[in-house]
file run.cif (mmCIF, C-alpha atoms)
data_run
loop_
_atom_site.label_atom_id
_atom_site.label_comp_id
_atom_site.auth_asym_id
_atom_site.auth_seq_id
_atom_site.Cartn_x
_atom_site.Cartn_y
_atom_site.Cartn_z
CA MET E 100 18.48 -14.16 -16.92
CA GLU E 101 15.16 -15.18 -15.36
CA GLU E 102 14.55 -14.56 -11.68
CA LYS E 103 14.16 -18.28 -10.89
CA GLN E 104 17.64 -18.97 -12.26
CA LEU E 105 19.09 -16.02 -10.35
CA ILE E 106 17.55 -17.33 -7.13
CA GLU E 107 18.98 -20.81 -7.66
CA LEU E 108 22.42 -19.36 -8.41
CA ALA E 109 22.23 -17.06 -5.37
CA LYS E 110 21.24 -20.02 -3.19
CA SER E 111 24.34 -21.86 -4.35
CA GLY E 112 26.53 -18.91 -3.35
CA ASP E 113 26.81 -16.92 -6.59
CA LYS E 114 27.43 -13.36 -5.38
CA LYS E 115 26.79 -11.77 -8.77
CA ALA E 116 23.35 -13.36 -8.96
CA LEU E 117 22.61 -12.22 -5.42
CA ALA E 118 23.75 -8.67 -6.23
CA THR E 119 21.44 -8.65 -9.26
CA LEU E 120 18.49 -9.75 -7.12
CA VAL E 121 19.23 -7.02 -4.58
CA LYS E 122 19.56 -4.37 -7.29
CA ASN E 123 16.34 -5.51 -8.95
CA HIS E 124 14.34 -5.06 -5.75
CA GLU E 125 16.10 -2.38 -3.66
CA GLN E 126 14.13 0.55 -5.11
CA THR E 127 10.80 -1.19 -4.46
CA VAL E 128 11.77 -2.15 -0.91
CA TYR E 129 13.05 1.36 -0.10
CA ASN E 130 10.02 3.06 -1.62
CA PHE E 131 7.63 0.78 0.25
CA SER E 132 9.34 1.18 3.61
CA PHE E 133 9.47 4.95 3.16
CA LYS E 134 5.76 5.01 2.45
CA ILE E 135 5.09 3.09 5.66
CA CYS E 136 7.46 4.89 8.05
CA ARG E 137 7.58 8.33 6.25
CA ASP E 138 11.24 8.81 7.26
CA ARG E 139 14.27 8.40 4.97
CA GLU E 140 16.68 7.18 7.64
CA LYS E 141 14.25 4.60 8.99
CA ALA E 142 13.38 3.52 5.45
CA GLU E 143 17.07 2.93 4.76
CA ASN E 144 17.49 0.87 7.94
CA ILE E 145 14.39 -1.18 7.13
CA MET E 146 15.69 -1.80 3.60
CA GLN E 147 19.01 -3.05 5.03
CA GLU E 148 17.25 -5.32 7.55
CA THR E 149 15.00 -6.67 4.79
CA PHE E 150 17.89 -7.73 2.55
CA LEU E 151 19.84 -9.17 5.49
CA SER E 152 16.76 -11.29 6.27
CA MET E 153 16.38 -12.21 2.60
CA ILE E 154 19.95 -13.49 2.41
CA LYS E 155 19.68 -15.33 5.72
CA HIS E 156 16.49 -17.14 4.72
CA LEU E 157 16.89 -17.42 0.94
CA ASN E 158 17.26 -21.19 1.17
CA GLN E 159 13.79 -21.37 2.71
CA PHE E 160 12.22 -19.52 -0.24
CA ASP E 161 10.29 -22.25 -2.07
CA GLY E 162 9.63 -20.33 -5.29
CA ASN E 163 5.86 -20.91 -5.12
CA SER E 164 5.25 -17.17 -4.95
CA ARG E 165 7.07 -14.31 -6.64
CA LEU E 166 10.24 -13.15 -4.87
CA SER E 167 8.71 -9.68 -4.60
CA THR E 168 5.69 -11.06 -2.67
CA TRP E 169 8.07 -12.78 -0.25
CA LEU E 170 10.10 -9.58 0.11
CA TYR E 171 6.93 -7.58 0.78
CA ARG E 172 6.22 -9.99 3.61
CA ILE E 173 9.69 -9.44 5.09
CA VAL E 174 9.66 -5.67 4.66
CA SER E 175 6.13 -5.44 6.13
CA ASN E 176 7.30 -7.30 9.23
CA HIS E 177 10.28 -4.98 9.63
CA CYS E 178 8.02 -1.94 9.19
CA LEU E 179 5.67 -3.22 11.90
CA MET E 180 8.62 -3.87 14.23
CA GLN E 181 9.80 -0.30 13.62
CA ALA E 182 6.28 1.02 14.26
CA ARG E 183 6.15 -0.82 17.60
CA LYS E 184 9.32 1.02 18.59
CA ASP E 185 7.55 4.32 17.76
CA LYS E 186 4.55 3.33 19.85
CA ASN E 187 4.07 6.76 21.42
CA LYS E 188 2.56 7.91 18.11
CA PHE E 189 -1.20 8.45 17.99
CA PHE E 190 -3.31 7.04 15.15
CA VAL E 191 -6.98 7.67 14.43
CA SER E 192 -9.41 4.90 15.22
CA ILE E 193 -11.25 3.43 12.24
CA ASN E 194 -12.50 0.30 13.92
CA ASP E 195 -15.52 -1.82 13.25
CA ASP E 196 -17.89 0.59 14.97
CA GLU E 197 -21.20 1.56 13.35
CA ASN E 198 -20.82 5.32 14.11
CA GLU E 199 -17.20 5.49 12.98
CA GLU E 200 -18.08 3.47 9.90
CA SER E 201 -20.91 5.81 8.98
CA ASP E 202 -18.70 8.85 9.56
CA LEU E 203 -16.25 7.57 6.93
CA TYR E 204 -18.83 8.11 4.18
CA ASN E 205 -20.22 11.49 5.25
CA ASP E 206 -18.58 14.67 3.95
CA LYS E 207 -19.29 18.01 5.58
CA TYR E 208 -17.94 19.82 2.53
CA VAL E 209 -17.25 18.38 -0.89
CA ALA E 210 -14.02 19.17 -2.74
CA ASP E 211 -13.86 19.56 -6.50
CA TRP E 212 -11.84 16.41 -7.21
CA SER E 213 -11.38 17.28 -10.86
CA ARG E 214 -9.15 20.19 -9.77
CA ILE E 215 -6.82 18.17 -7.56
CA PRO E 216 -3.38 18.11 -9.24
CA ASN E 217 -1.86 14.69 -9.95
CA ASN E 218 1.81 15.63 -10.34
CA VAL E 219 2.74 14.57 -6.82
CA THR E 220 6.51 14.61 -7.38
CA GLU E 221 6.65 18.36 -8.04
CA ASN E 222 3.93 19.49 -5.68
CA ASN E 223 5.01 19.89 -2.05
CA GLU E 224 1.60 21.02 -0.86
CA LEU E 225 0.02 17.88 -2.27
CA LYS E 226 2.81 15.74 -0.78
CA ASN E 227 2.11 17.26 2.64
CA ILE E 228 -1.59 16.53 2.33
CA LEU E 229 -0.92 12.91 1.35
CA ASP E 230 1.72 12.52 4.11
CA ASN E 231 -0.57 14.02 6.68
CA ALA E 232 -3.50 11.79 5.72
CA ILE E 233 -1.60 8.52 5.67
CA SER E 234 0.34 9.35 8.86
CA LYS E 235 -2.95 9.27 10.78
CA LEU E 236 -3.58 5.67 9.73
CA SER E 237 -2.05 2.98 11.90
CA PRO E 238 0.74 1.02 10.12
CA GLU E 239 -1.48 -2.10 10.05
CA TYR E 240 -3.94 -0.27 7.78
CA ARG E 241 -1.23 1.54 5.82
CA ILE E 242 0.48 -1.72 4.92
CA VAL E 243 -2.70 -3.27 3.53
CA PHE E 244 -3.60 -0.16 1.50
CA LEU E 245 -0.08 0.16 0.08
CA LEU E 246 0.36 -3.51 -0.77
CA ARG E 247 -3.04 -3.93 -2.40
CA ASP E 248 -3.65 -0.57 -4.04
CA VAL E 249 -0.27 1.06 -4.55
CA GLU E 250 2.00 -1.94 -5.15
CA GLY E 251 -0.75 -3.84 -6.97
CA LEU E 252 -0.65 -7.16 -5.09
CA SER E 253 -3.80 -9.28 -5.28
CA THR E 254 -6.00 -9.65 -2.20
CA GLU E 255 -4.63 -13.18 -1.76
CA GLU E 256 -0.99 -12.02 -2.03
CA THR E 257 -1.69 -9.18 0.43
CA ALA E 258 -3.19 -11.70 2.87
CA LEU E 259 -0.11 -13.89 2.48
CA ALA E 260 2.29 -10.98 2.98
CA THR E 261 0.51 -9.73 6.10
CA ASP E 262 -0.59 -13.03 7.67
CA LEU E 263 -4.18 -11.80 7.60
CA SER E 264 -7.29 -13.60 6.40
CA ILE E 265 -8.83 -12.43 3.10
CA PRO E 266 -11.90 -10.90 4.88
CA ALA E 267 -9.53 -9.05 7.24
CA VAL E 268 -7.56 -7.65 4.26
CA LYS E 269 -10.80 -6.48 2.61
CA SER E 270 -12.06 -4.93 5.80
CA ARG E 271 -8.83 -3.00 6.47
CA LEU E 272 -8.57 -2.00 2.83
CA HIS E 273 -12.02 -0.51 2.56
CA ARG E 274 -11.61 1.48 5.77
CA ALA E 275 -8.17 2.73 4.73
CA ARG E 276 -9.45 3.80 1.30
CA ALA E 277 -12.48 5.56 2.75
CA PHE E 278 -10.39 7.25 5.44
CA LEU E 279 -7.71 8.55 3.04
CA ARG E 280 -10.33 9.76 0.59
CA LYS E 281 -12.13 11.60 3.37
CA GLU E 282 -8.90 13.28 4.56
CA ILE E 283 -7.97 14.41 1.04
CA ASN E 284 -11.51 15.65 0.47
CA LYS E 285 -11.32 17.63 3.71
CA ALA E 286 -7.97 19.19 2.78
CA PHE E 287 -9.17 20.32 -0.65
CA ALA E 288 -12.61 21.46 0.49
CA LYS E 289 -11.03 24.16 2.69
CA MET M 133 -28.31 -5.08 1.65
CA ASN M 134 -31.12 -5.04 -0.93
CA TYR M 135 -29.46 -6.24 -4.19
CA VAL M 136 -32.21 -4.80 -6.39
CA ASN M 137 -32.14 -1.32 -4.94
CA PRO M 138 -29.04 -0.67 -2.82
CA LYS M 139 -28.70 2.49 -0.72
CA CYS M 140 -25.90 5.02 -1.32
CA LYS M 141 -24.08 4.04 1.89
CA ASP M 142 -24.09 0.39 0.80
CA VAL M 143 -22.75 1.39 -2.59
CA MET M 144 -19.96 3.51 -1.10
CA GLN M 145 -18.95 0.72 1.25
CA HIS M 146 -19.01 -1.76 -1.58
CA ILE M 147 -16.87 0.50 -3.79
CA CYS M 148 -14.32 0.68 -1.02
CA GLU M 149 -14.37 -3.06 -0.46
CA SER M 150 -14.27 -4.31 -3.98
CA LEU M 151 -12.48 -1.88 -6.26
CA GLY M 152 -10.17 -4.07 -8.31
CA GLU M 153 -12.06 -7.26 -7.50
CA ASP M 154 -14.21 -9.43 -9.75
CA LEU M 155 -17.32 -7.38 -10.43
CA ASN M 156 -19.65 -9.98 -11.92
CA SER M 157 -21.65 -11.10 -8.90
CA ASP M 158 -25.36 -10.18 -8.52
CA LYS M 159 -24.35 -7.68 -5.85
CA CYS M 160 -21.85 -6.01 -8.17
CA ILE M 161 -24.29 -5.81 -11.06
CA ALA M 162 -26.79 -4.05 -8.76
CA ILE M 163 -24.01 -1.67 -7.69
CA LYS M 164 -23.11 -0.91 -11.32
CA ASN M 165 -26.74 -0.16 -12.10
CA HIS M 166 -26.92 2.15 -9.11
CA LEU M 167 -23.69 3.92 -10.15
CA ASP M 168 -25.11 4.64 -13.59
CA ASN M 169 -27.98 6.55 -12.03
CA CYS M 170 -26.54 8.20 -8.92
CA SER M 171 -24.13 11.09 -9.38
CA ASP M 172 -23.16 11.15 -5.67
CA CYS M 173 -22.00 7.54 -5.78
CA LYS M 174 -20.35 8.01 -9.16
CA ASN M 175 -18.38 10.96 -7.77
CA TYR M 176 -17.48 8.92 -4.71
CA PHE M 177 -16.23 6.09 -6.91
CA GLU M 178 -14.10 8.52 -8.94
CA SER M 179 -12.66 10.14 -5.81
CA ILE M 180 -11.60 6.75 -4.42
CA LYS M 181 -9.85 6.00 -7.72
CA ILE M 182 -8.08 9.40 -7.61
CA THR M 183 -7.01 8.78 -3.99
CA ILE M 184 -5.34 5.52 -4.99
CA GLN M 185 -3.72 7.11 -8.05
CA LEU M 186 -2.28 9.98 -5.98
CA TYR M 187 -0.54 7.53 -3.65
CA LYS M 188 0.64 5.49 -6.64
CA ASN M 189 2.22 8.60 -8.14
CA TYR M 190 4.00 9.49 -4.89
CA LYS M 191 7.38 7.81 -5.29
CA VAL M 192 10.73 8.36 -3.61
CA ASP M 193 14.03 7.51 -5.26
CA LEU M 194 16.64 5.42 -3.51
CA PRO M 195 19.63 7.74 -2.92
CA ASP M 196 22.93 6.53 -4.45
CA GLU M 197 24.55 6.72 -1.02
CA ALA M 198 21.91 4.39 0.46
CA HIS M 199 22.47 1.95 -2.40
CA ASN M 200 26.24 1.98 -1.83
CA LYS M 201 25.83 1.49 1.91
CA LEU M 202 23.53 -1.46 1.28
CA MET M 203 25.95 -3.16 -1.12
CA ASN M 204 28.80 -2.64 1.37
CA LEU M 205 26.76 -4.02 4.23
CA LEU M 206 25.85 -7.12 2.22
CA ASN M 207 29.45 -7.50 1.09
CA LEU M 208 28.36 -7.21 -2.56
CA ASN M 209 30.23 -4.02 -3.47
CA ASP M 210 32.65 -5.98 -5.65
CA CYS M 211 29.74 -7.09 -7.87
CA GLU M 212 28.87 -3.58 -9.09
#
call {"tool": "encode", "arguments": {"input": "run.cif", "output": "structure tokens"}}
result
Amino acid sequence: MEEKQLIELAKSGDKKALATLVKNHEQTVYNFSFKICRDREKAENIMQETFLSMIKHLNQFDGNSRLSTWLYRIVSNHCLMQARKDKNKFFVSINDDENEESDLYNDKYVADWSRIPNNVTENNELKNILDNAISKLSPEYRIVFLLRDVEGLSTEETALATDLSIPAVKSRLHRARAFLRKEINKAFAK
Amino acid sequence: MNYVNPKCKDVMQHICESLGEDLNSDKCIAIKNHLDNCSDCKNYFESIKITIQLYKNYKVDLPDEAHNKLMNLLNLNDCE
């Protein structure tokens, strides 16, 4: 059955349709929230909050965007709320400053990128490097990078999901990409 | 930025800004021409693509227990 039909049925109280929608999206929501908060328990709580919000507001979903885009918006908000609770954490500054900007593109040492393994699932050392790099980025930057580059949303959809303007999405995205690349380069140049 | 002869820093910034975007503007054509002739920028471009791919490949599975808890919480466990 098509998603539009499932949504209409779920809106009219069909529990089976609602369960199908939840099952179709739970892995994506969990994966995304884990990638933002880097903690399994928090990711599980965020996933639960996201689907509770989805059910509460499903009647307001107008169907003009994909359900997944709407869910990304909800899960992003819950991730940011969680991040505000963890506000004692320190994140690196990658603001609109000329010196910081320039520093993003300068490498002291250059890693051999062709030798970086790509089997992330089985490689704990690589996982640690990726975790460490993304943990230094503030959640506001992480969300944009993950929505646009990892989840494959368009710039417009990312702007919609984050309530940012398109230039703001592009600005955060390019800094996040450059920062993560620089951190990975540093780790593999050692 | 000089569209005819962009500098490496401009190219790197542009790569970061516009990877995955429409690449047919005058600015993008100048960037492509630069990339063809500058190994530093070409390597930078490749390393940004690898960075994105690494994060794409990093997936975590939803544990069965978390799925069950979710269905219980939403009162949908009888629809399994």
call {"tool": "closest_residue", "arguments": {"input": "run.cif", "among": "M:Lys181, M:Lys139, M:Lys188, M:His166", "to": "chain E", "atoms": "all atoms listed in the file"}}
result
M:Lys188
call {"tool": "residues_around", "arguments": {"input": "run.cif", "residues": "Met180 in chain E", "least_positions_apart": "5", "cutoff": "12 Å", "atoms": "only C-alpha atoms", "output": "PyMOL selection string"}}
result
chain E and resi 132+135-136+141+144-145+148-149+173-175+185-186+238-239
call {"tool": "residues_around", "arguments": {"input": "run.cif", "residues": "range 113-121 of chain E", "least_positions_apart": "3", "cutoff": "8 Å", "atoms": "only C-alpha atoms", "output": "list in words"}}
result
Glu102, Leu105, Ile106, Leu108, Ala109, Lys110, His124, Glu125 and Phe150 of chain E; Met203, Leu208, Cys211 and Glu212 of chain M
call {"tool": "closest_atom_pairs", "arguments": {"input": "run.cif", "of": "chain M", "to": "chain E", "cutoff": "8 Å", "atoms": "all atoms listed in the file", "output": "tab-separated table"}}
result
residue	atom	partner	partner_atom	distance
M:Lys141	CA	E:Tyr204	CA	7.0
M:Met144	CA	E:Tyr204	CA	7.1
M:Gln145	CA	E:His273	CA	7.2
M:Cys148	CA	E:His273	CA	4.4
M:Glu149	CA	E:His273	CA	4.6
M:Ser150	CA	E:Lys269	CA	7.8
M:Ser179	CA	E:Trp212	CA	6.5
M:Ile180	CA	E:Arg280	CA	6.0
M:Ile182	CA	E:Trp212	CA	8.0
M:Thr183	CA	E:Arg280	CA	5.7
M:Ile184	CA	E:Asp248	CA	6.4
M:Gln185	CA	E:Val249	CA	7.8
M:Leu186	CA	E:Asn217	CA	6.2
M:Tyr187	CA	E:Val249	CA	6.5
M:Lys188	CA	E:Val249	CA	5.0
M:Asn189	CA	E:Val219	CA	6.1
M:Tyr190	CA	E:Val219	CA	5.6
M:Lys191	CA	E:Asn130	CA	6.6
M:Val192	CA	E:Asn130	CA	5.7
M:Asp193	CA	E:Gln126	CA	7.0
M:Leu194	CA	E:Gln126	CA	5.7
M:Ala198	CA	E:Glu143	CA	6.6
M:His199	CA	E:Glu125	CA	7.8
M:Leu202	CA	E:Gln147	CA	6.1
M:Met203	CA	E:Ala118	CA	7.8
M:Leu205	CA	E:Gln147	CA	7.9
M:Leu206	CA	E:Leu151	CA	7.1
M:Leu208	CA	E:Ala118	CA	6.1
M:Cys211	CA	E:Lys115	CA	5.6
M:Glu212	CA	E:Ala118	CA	7.8
call {"tool": "atom_distance", "arguments": {"input": "run.cif", "atom1": "CA of Asp206 in chain E", "atom2": "CA of Lys235 in chain E"}}
result
17.9 Å
call {"tool": "atom_distance", "arguments": {"input": "run.cif", "atom1": "CA of Gly162 in chain E", "atom2": "CA of Ala258 in chain E"}}
result
17.5 Å
call {"tool": "atom_distance", "arguments": {"input": "run.cif", "atom1": "CA of Asn204 in chain M", "atom2": "CA of Leu157 in chain E"}}
result
19.0 Å
call {"tool": "residues_near_point", "arguments": {"input": "run.cif", "point": "(-24.3, 9.0, -10.7)", "cutoff": "12 Å", "atoms": "only C-alpha atoms", "output": "list of chain:residue names"}}
result
M:Cys140, M:Val143, M:Met144, M:Ile163, M:Lys164, M:Asn165, M:His166, M:Leu167, M:Asp168, M:Asn169, M:Cys170, M:Ser171, M:Asp172, M:Cys173, M:Lys174, M:Asn175, M:Tyr176, M:Phe177, M:Glu178
